[in-house]
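> The file below is entry_18.txt, compact mmCIF, C-alpha atoms:
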# COMPACT_ATOMS: atom_id res chain seq x y z
CA MET A 1 23.39 42.15 -3.77
CA ASN A 2 24.11 38.66 -4.86
CA LYS A 3 26.33 36.35 -2.95
CA GLN A 4 26.23 33.71 -5.67
CA THR A 5 29.48 32.85 -7.36
CA TYR A 6 29.87 32.05 -11.01
CA ASN A 7 33.44 30.97 -11.31
CA ALA A 8 32.85 27.50 -12.66
CA ASP A 9 34.16 28.22 -16.15
CA PRO A 10 36.12 30.89 -18.05
CA LEU A 11 32.94 32.55 -19.28
CA ASP A 12 31.68 33.03 -15.74
CA ARG A 13 35.01 34.44 -14.66
CA LEU A 14 35.03 36.85 -17.57
CA LEU A 15 31.44 37.93 -16.96
CA ALA A 16 32.29 38.60 -13.34
CA GLN A 17 34.89 41.17 -14.41
CA PRO A 18 32.86 43.65 -16.46
CA ALA A 19 34.71 46.41 -18.26
CA LEU A 20 33.50 49.70 -16.81
CA LEU A 21 33.25 52.87 -18.84
CA THR A 22 35.66 55.66 -18.08
CA ASP A 23 34.07 58.74 -16.50
CA ASN A 24 35.37 61.07 -19.22
CA GLY A 25 33.57 64.14 -17.83
CA PHE A 26 30.23 62.40 -17.33
CA SER A 27 30.05 63.13 -13.59
CA ASP A 28 31.00 66.79 -14.05
CA ASN A 29 28.41 67.27 -16.80
CA LEU A 30 25.76 65.71 -14.64
CA ARG A 31 26.74 67.85 -11.64
CA ARG A 32 26.22 70.93 -13.82
CA GLN A 33 22.86 69.57 -15.00
CA LEU A 34 21.74 69.06 -11.41
CA GLY A 35 22.43 72.70 -10.58
CA LYS A 36 21.12 74.12 -13.83
CA GLY A 37 17.83 72.23 -13.77
CA THR A 38 16.83 73.47 -10.35
CA SER A 39 17.82 77.08 -10.92
CA HIS A 40 15.94 77.26 -14.25
CA ARG A 41 12.91 75.71 -12.72
CA ALA A 42 13.02 78.05 -9.72
CA THR A 43 13.34 81.09 -11.98
CA LEU A 44 10.50 79.94 -14.20
CA ILE A 45 8.10 79.23 -11.36
CA ALA A 46 9.01 82.40 -9.50
CA GLY A 47 8.45 84.40 -12.69
CA VAL A 48 5.09 82.78 -13.31
CA ALA A 49 4.03 83.34 -9.70
CA SER A 50 5.04 87.02 -9.81
CA SER A 51 3.21 87.57 -13.08
CA TRP A 52 0.14 85.84 -11.74
CA LEU A 53 0.11 88.01 -8.64
CA LEU A 54 0.63 91.26 -10.53
CA ILE A 55 -2.18 90.44 -12.93
CA ALA A 56 -4.39 89.42 -10.03
CA LEU A 57 -3.71 92.74 -8.29
CA PHE A 58 -5.02 94.60 -11.32
CA PHE A 59 -8.11 92.51 -11.96
CA PHE A 60 -9.32 91.17 -8.62
CA SER A 61 -10.12 92.49 -5.19
CA PRO A 62 -7.67 92.10 -2.31
CA GLN A 63 -10.19 89.87 -0.53
CA TRP A 64 -10.31 87.53 -3.51
CA ILE A 65 -6.50 87.42 -3.71
CA THR A 66 -6.29 86.78 0.02
CA ALA A 67 -8.69 83.86 -0.27
CA ALA A 68 -6.82 82.48 -3.28
CA LEU A 69 -3.45 82.73 -1.56
CA LEU A 70 -4.78 81.09 1.59
CA GLN A 71 -6.18 78.29 -0.50
CA ALA A 72 -2.86 77.91 -2.32
CA THR A 73 -0.80 77.90 0.85
CA ALA A 74 -3.12 75.29 2.34
CA TYR A 75 -1.60 72.87 -0.15
CA LEU A 76 1.90 73.49 1.11
CA ASN A 77 3.39 71.05 3.54
CA PHE A 78 5.69 73.60 5.01
CA ILE A 79 3.87 74.68 8.11
CA GLU A 80 6.27 77.52 8.83
CA GLN A 81 5.53 79.30 5.59
CA TYR A 82 1.84 78.59 5.92
CA GLN A 83 1.66 80.01 9.43
CA SER A 84 3.68 83.13 8.71
CA LEU A 85 1.85 83.85 5.48
CA SER A 86 -1.53 83.19 7.08
CA ALA A 87 -0.70 85.50 9.99
CA LEU A 88 0.45 88.21 7.64
CA LEU A 89 -2.63 87.97 5.47
CA THR A 90 -4.97 87.80 8.45
CA ASN A 91 -3.45 90.84 10.14
CA ALA A 92 -3.15 92.98 7.02
CA ASP A 93 -5.63 95.83 6.76
CA PHE A 94 -7.32 95.75 3.36
CA SER A 95 -10.17 98.15 4.16
CA ASP A 96 -9.12 100.92 1.82
CA PHE A 97 -6.79 98.90 -0.35
CA GLN A 98 -6.12 100.05 -3.87
CA PHE A 99 -2.88 99.21 -5.68
CA SER A 100 -0.60 99.79 -2.69
CA TYR A 101 2.66 98.85 -1.07
CA THR A 102 0.77 96.28 1.03
CA GLY A 103 -0.33 94.49 -2.13
CA ILE A 104 3.16 94.46 -3.50
CA GLY A 105 4.44 93.27 -0.15
CA VAL A 106 1.97 90.39 -0.10
CA ALA A 107 2.91 89.52 -3.66
CA LEU A 108 6.62 89.53 -2.86
CA LEU A 109 6.11 87.44 0.25
CA ALA A 110 4.11 84.91 -1.73
CA VAL A 111 6.85 84.73 -4.32
CA ALA A 112 9.45 84.39 -1.56
CA ALA A 113 7.43 81.54 -0.07
CA ILE A 114 7.31 79.75 -3.41
CA VAL A 115 11.03 80.27 -4.01
CA SER A 116 11.77 79.06 -0.51
CA LEU A 117 9.66 76.00 -1.20
CA LEU A 118 11.68 75.28 -4.32
CA VAL A 119 15.00 75.80 -2.58
CA ARG A 120 14.03 73.40 0.18
CA GLU A 121 12.90 70.91 -2.40
CA MET B 1 20.31 71.89 -1.12
CA LEU B 2 23.83 72.55 -2.39
CA HIS B 3 25.02 70.02 0.14
CA ASP B 4 22.51 67.46 -1.18
CA ARG B 5 23.67 68.11 -4.71
CA GLU B 6 27.29 67.55 -3.79
CA ALA B 7 26.42 64.37 -1.92
CA PHE B 8 24.46 63.11 -4.89
CA ALA B 9 27.30 64.02 -7.25
CA LYS B 10 29.52 61.71 -5.21
CA LEU B 11 26.97 58.92 -5.61
CA VAL B 12 27.02 59.55 -9.35
CA GLN B 13 30.79 59.17 -9.39
CA ILE B 14 30.53 55.88 -7.55
CA HIS B 15 27.77 54.32 -9.66
CA GLN B 16 28.16 55.85 -13.11
CA GLY B 17 30.63 53.25 -14.41
CA LYS B 18 28.28 50.32 -13.78
CA ILE B 19 25.11 52.07 -14.86
CA ARG B 20 26.66 53.23 -18.13
CA ALA B 21 28.22 49.83 -18.81
CA PHE B 22 24.80 48.23 -18.22
CA LEU B 23 23.09 50.68 -20.55
CA VAL B 24 25.73 50.33 -23.27
CA ARG B 25 25.16 46.60 -23.27
CA LEU B 26 21.41 47.15 -23.61
CA CYS B 27 21.11 49.98 -26.09
CA LYS B 28 24.34 49.20 -27.94
CA GLN B 29 25.47 52.77 -28.47
CA TYR B 30 27.79 54.76 -26.27
CA ASP B 31 26.21 58.18 -26.74
CA THR B 32 22.66 56.91 -26.32
CA ALA B 33 23.76 55.03 -23.21
CA ASP B 34 25.25 58.21 -21.77
CA ASP B 35 22.03 60.12 -22.47
CA LEU B 36 20.04 57.40 -20.75
CA ALA B 37 22.47 57.33 -17.83
CA GLN B 38 22.07 61.08 -17.46
CA ASP B 39 18.26 60.69 -17.45
CA THR B 40 18.65 57.91 -14.91
CA PHE B 41 20.63 60.01 -12.46
CA LEU B 42 18.47 63.10 -12.93
CA LYS B 43 15.34 61.04 -12.24
CA ALA B 44 17.02 59.45 -9.23
CA TYR B 45 17.92 62.91 -7.92
CA GLN B 46 14.34 64.12 -8.32
CA LYS B 47 12.89 60.99 -6.73
CA ILE B 48 15.51 60.42 -4.06
CA ALA B 49 12.83 60.90 -1.37
CA ASP B 50 11.00 57.87 -2.80
CA PHE B 51 13.96 55.60 -2.05
CA LYS B 52 12.98 53.98 1.23
CA GLY B 53 16.12 51.94 1.72
CA SER B 54 14.28 48.61 1.61
CA GLY B 55 16.57 47.39 -1.21
CA SER B 56 20.03 48.48 -2.25
CA PHE B 57 20.56 51.97 -3.65
CA SER B 58 22.43 50.39 -6.52
CA GLY B 59 19.45 48.16 -7.33
CA TRP B 60 17.14 51.17 -7.26
CA LEU B 61 19.40 52.97 -9.74
CA PHE B 62 19.50 49.96 -12.06
CA GLN B 63 15.70 49.79 -11.89
CA ILE B 64 15.44 53.44 -13.02
CA ALA B 65 18.08 52.85 -15.70
CA PHE B 66 16.19 49.86 -17.09
CA HIS B 67 12.97 51.86 -17.09
CA CYS B 68 14.71 54.67 -19.01
CA PHE B 69 15.97 52.09 -21.50
CA LEU B 70 12.47 50.65 -22.03
CA ASP B 71 11.11 54.16 -22.56
CA MET B 72 13.77 54.83 -25.17
CA GLN B 73 13.19 51.48 -26.83
CA ARG B 74 9.49 52.23 -27.27
CA LYS B 75 10.44 55.37 -29.14
CA THR B 76 13.00 53.86 -31.48
CA THR B 77 12.48 51.69 -34.53
CA ARG B 78 16.13 51.40 -35.46
CA ARG B 79 17.11 48.59 -33.14
CA ALA B 80 18.68 46.22 -35.62
CA GLN B 81 20.54 49.01 -37.35
CA VAL B 82 21.82 50.38 -34.05
CA SER B 83 22.98 46.92 -33.06
CA ALA B 84 25.00 46.57 -36.24
CA GLU B 85 26.53 50.00 -35.69
CA TYR B 86 27.47 49.04 -32.17
CA ILE B 87 29.20 45.83 -33.17
CA ALA B 88 31.26 47.71 -35.75
CA GLN B 89 31.89 50.55 -33.36
CA MET B 90 33.24 48.26 -30.62
CA GLU B 91 36.46 47.76 -32.53
CA LEU B 92 37.21 51.44 -32.21
CA SER B 93 35.97 52.17 -28.73
CA ALA B 94 38.31 50.49 -26.30
CA ASP B 95 39.30 53.95 -25.09
CA ARG B 96 35.78 54.38 -23.70
CA TYR B 97 36.62 51.90 -20.95
CA ASP B 98 38.80 52.22 -17.88
CA ARG B 99 40.51 48.99 -18.82
CA ILE B 100 39.41 46.39 -21.27
CA SER B 101 41.21 43.28 -22.42
CA THR B 102 40.81 41.60 -25.81
CA GLU B 103 38.76 38.87 -24.17
CA GLN B 104 36.45 41.45 -22.62
CA MET B 105 36.03 43.13 -25.99
CA ASP B 106 35.10 39.78 -27.52
CA LEU B 107 32.61 39.27 -24.73
CA GLU B 108 31.06 42.71 -25.27
CA LYS B 109 30.61 41.93 -28.95
CA ALA B 110 29.06 38.57 -28.17
CA LEU B 111 26.73 40.20 -25.62
CA ALA B 112 25.62 42.69 -28.26
CA GLN B 113 24.12 39.81 -30.23
CA LEU B 114 21.86 38.62 -27.40
CA LYS B 115 18.32 39.73 -26.75
CA GLU B 116 18.08 42.65 -24.35
CA ALA B 117 16.34 40.56 -21.69
CA GLU B 118 19.16 38.00 -21.81
CA THR B 119 21.86 40.67 -21.72
CA ALA B 120 20.15 42.45 -18.82
CA ALA B 121 19.73 39.28 -16.75
CA ILE B 122 23.31 38.11 -17.36
CA THR B 123 24.77 41.54 -16.68
CA LEU B 124 22.86 42.05 -13.45
CA CYS B 125 23.46 38.60 -12.00
CA HIS B 126 26.87 37.64 -13.36
CA SER B 127 28.59 40.99 -13.81
CA PHE B 128 27.15 43.14 -11.03
CA GLY B 129 26.38 40.49 -8.45
CA PHE B 130 22.64 40.81 -8.00
CA SER B 131 20.64 37.77 -6.93
CA HIS B 132 18.03 36.31 -9.26
CA GLN B 133 15.33 37.81 -7.08
CA GLU B 134 16.94 41.26 -7.13
CA ALA B 135 17.33 41.07 -10.90
CA ALA B 136 13.68 40.05 -11.21
CA ASP B 137 12.71 43.10 -9.13
CA ILE B 138 14.85 45.38 -11.28
CA LEU B 139 13.57 43.93 -14.55
CA LYS B 140 10.01 43.59 -13.27
CA CYS B 141 9.66 39.97 -14.35
CA PRO B 142 9.38 36.57 -12.61
CA VAL B 143 12.50 34.96 -11.17
CA GLY B 144 11.99 31.99 -13.49
CA THR B 145 12.21 34.29 -16.50
CA VAL B 146 15.49 35.72 -15.22
CA LYS B 147 16.94 32.21 -14.83
CA THR B 148 15.74 31.16 -18.28
CA ASN B 149 17.21 34.27 -19.88
CA ILE B 150 20.52 33.70 -18.14
CA ASN B 151 20.73 30.08 -19.29
CA ARG B 152 19.74 30.86 -22.87
CA GLY B 153 22.03 33.86 -23.01
CA LYS B 154 25.00 31.97 -21.66
CA GLU B 155 24.52 29.19 -24.17
CA LYS B 156 24.50 31.74 -26.98
CA LEU B 157 27.57 33.45 -25.55
CA LYS B 158 29.47 30.16 -25.42
CA GLN B 159 28.55 29.35 -29.00
CA SER B 160 29.40 32.83 -30.18
CA LEU B 161 32.77 32.84 -28.44
CA ALA B 162 33.46 29.29 -29.63
CA LYS B 163 32.94 30.45 -33.20
CA GLN B 164 35.69 32.94 -32.61
CA LYS B 165 37.74 29.98 -31.24
CA LYS B 166 38.14 31.82 -27.96
CA TRP B 167 36.34 29.28 -25.82
CA LYS B 168 35.59 25.62 -25.75
CA VAL B 169 31.89 24.88 -25.60
CA ALA B 170 31.20 22.94 -22.40
Kindly return the structure encoded in the file as structure tokens.


Amino acid sequence: MNKQTYNADPLDRLLAQPALLTDNGFSDNLRRQLGKGTSHRATLIAGVASSWLLIALFFFSPQWITAALLQATAYLNFIEQYQSLSALLTNADFSDFQFSYTGIGVALLAVAAIVSLLVRE
Amino acid sequence: MLHDREAFAKLVQIHQGKIRAFLVRLCKQYDTADDLAQDTFLKAYQKIADFKGSGSFSGWLFQIAFHCFLDMQRKTTRRAQVSAEYIAQMELSADRYDRISTEQMDLEKALAQLKEAETAAITLCHSFGFSHQEAADILKCPVGTVKTNINRGKEKLKQSLAKQKKWKVA
């Protein structure tokens, strides 16, 4: 910030004392906006992710979904989520997979990872 | 995250008065200024990780605010009309301020007649204490331009206030 002084004449003195606007609920409104924005965004992205996974479970093989999820998680910076999700997907037995609880579990975990990502953000 | 939000809300409380006063002087409408100030703080919240602490946090906020103003200005074609509305509106809007004297009201009206670049440079350097270099960084222009705008703006202010017989022209 400036250390210059401008008090040579009345104009400078007046300029140096700016009239500030009263808060008048501005801070409270903004605080609400900060909360609302994130929660809407989290809901939207979680919803889209869930839908995507459910559709994928109907139309693609578990192997394809596994590969896609691994590729997606590779973009995440959060190593913890990446490692746990990778371990889960690697250890899961997909040999006779149809539309099963394992698939739903993977889908839910992926959604949880995305939500967790958003919350940390 | 909740903790971050609360901490940021405190920063908003601290800086909102200056940011909104700056934006009112630039866009010449209280409600538009508040919308821009809201955009400013929301952008700052989203990009808080980008703030490296090399300059002041306040300067970073003013930089975002000025950018929001330029964005808005590109979208509007009603500048002259808005300016006229603002000057008329000022008579009725003393209650928008924490405290404002008659002299300060006269000054706000005189500032409303300057070019935005002059108002911005004068406000940053004379009202909010930024150096010429800091103002140049905020406004993304050369230091020489900031100094020129300050000198021209101050001359106009003196003449404008002298017309109202409030000040003697030096």

> Could you pull out every residue with an atom within 12 Å of (37.7, 41.7, -25.0), file coordinates, counting all atoms listed in the file, and send them as a PyMOL selection string?

(chain A and resi 11+14-15+17-19) or (chain B and resi 90-91+93-94+97+99-111+161+164+166)

> Excluding Gly25 (chain A) and residues on its chain fewer than 3 positions from it, collect all residues at most 12 Å away from it, counting only C-alpha atoms, and give them as a ChimeraX atom specification.

/A:21-22,28-32 /B:12-13,16-17,34,38,96

> Which residue out of B:Ala162, B:Ala112, B:Leu36, B:Ala120 has the minimum interatomic distance to Lys140 (chain B) when only C-alpha atoms are used?

B:Ala120

> Would you compute the distance between CA of Leu61 (chain B) and CA of Lys43 (chain B)? Give it in Å to one decimal.

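Distance between the two atoms: 9.4 Å.
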
> Just how far from CA of Leu11 (chain B) is CA of Asp23 (chain A), in Å to one decimal?

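Distance reported for this atom pair: 13.0 Å.
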
> Mind listing whatever residues come within 12 Å of the point (24.5, 30.4, -28.0)? Use all atoms listed in the file, file coordinates, and give them as a PyMOL selection string.

chain B and resi 110-111+113-115+118+149-163+169-170

> May I ask which of the residues B:Asp95, B:Ala7, B:Ile14, B:Asp35 is the closest one to Asn24 (chain A), counting all atoms listed in the file?

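The closest residue to Asn24 (chain A) is B:Asp95.
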
> Of the candidates A:Ala46, A:Leu57, A:Ala110, A:Leu34, which shows the shortest atom-to-atom distance to Leu70 (chain A), using all atoms listed in the file?

A:Ala110

> Out of A:Leu20, A:Val106, A:Val111, A:Arg13, which residue has the shortest atom-to-atom distance to chain B when counting all atoms listed in the file?

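Closest candidate: A:Leu20.
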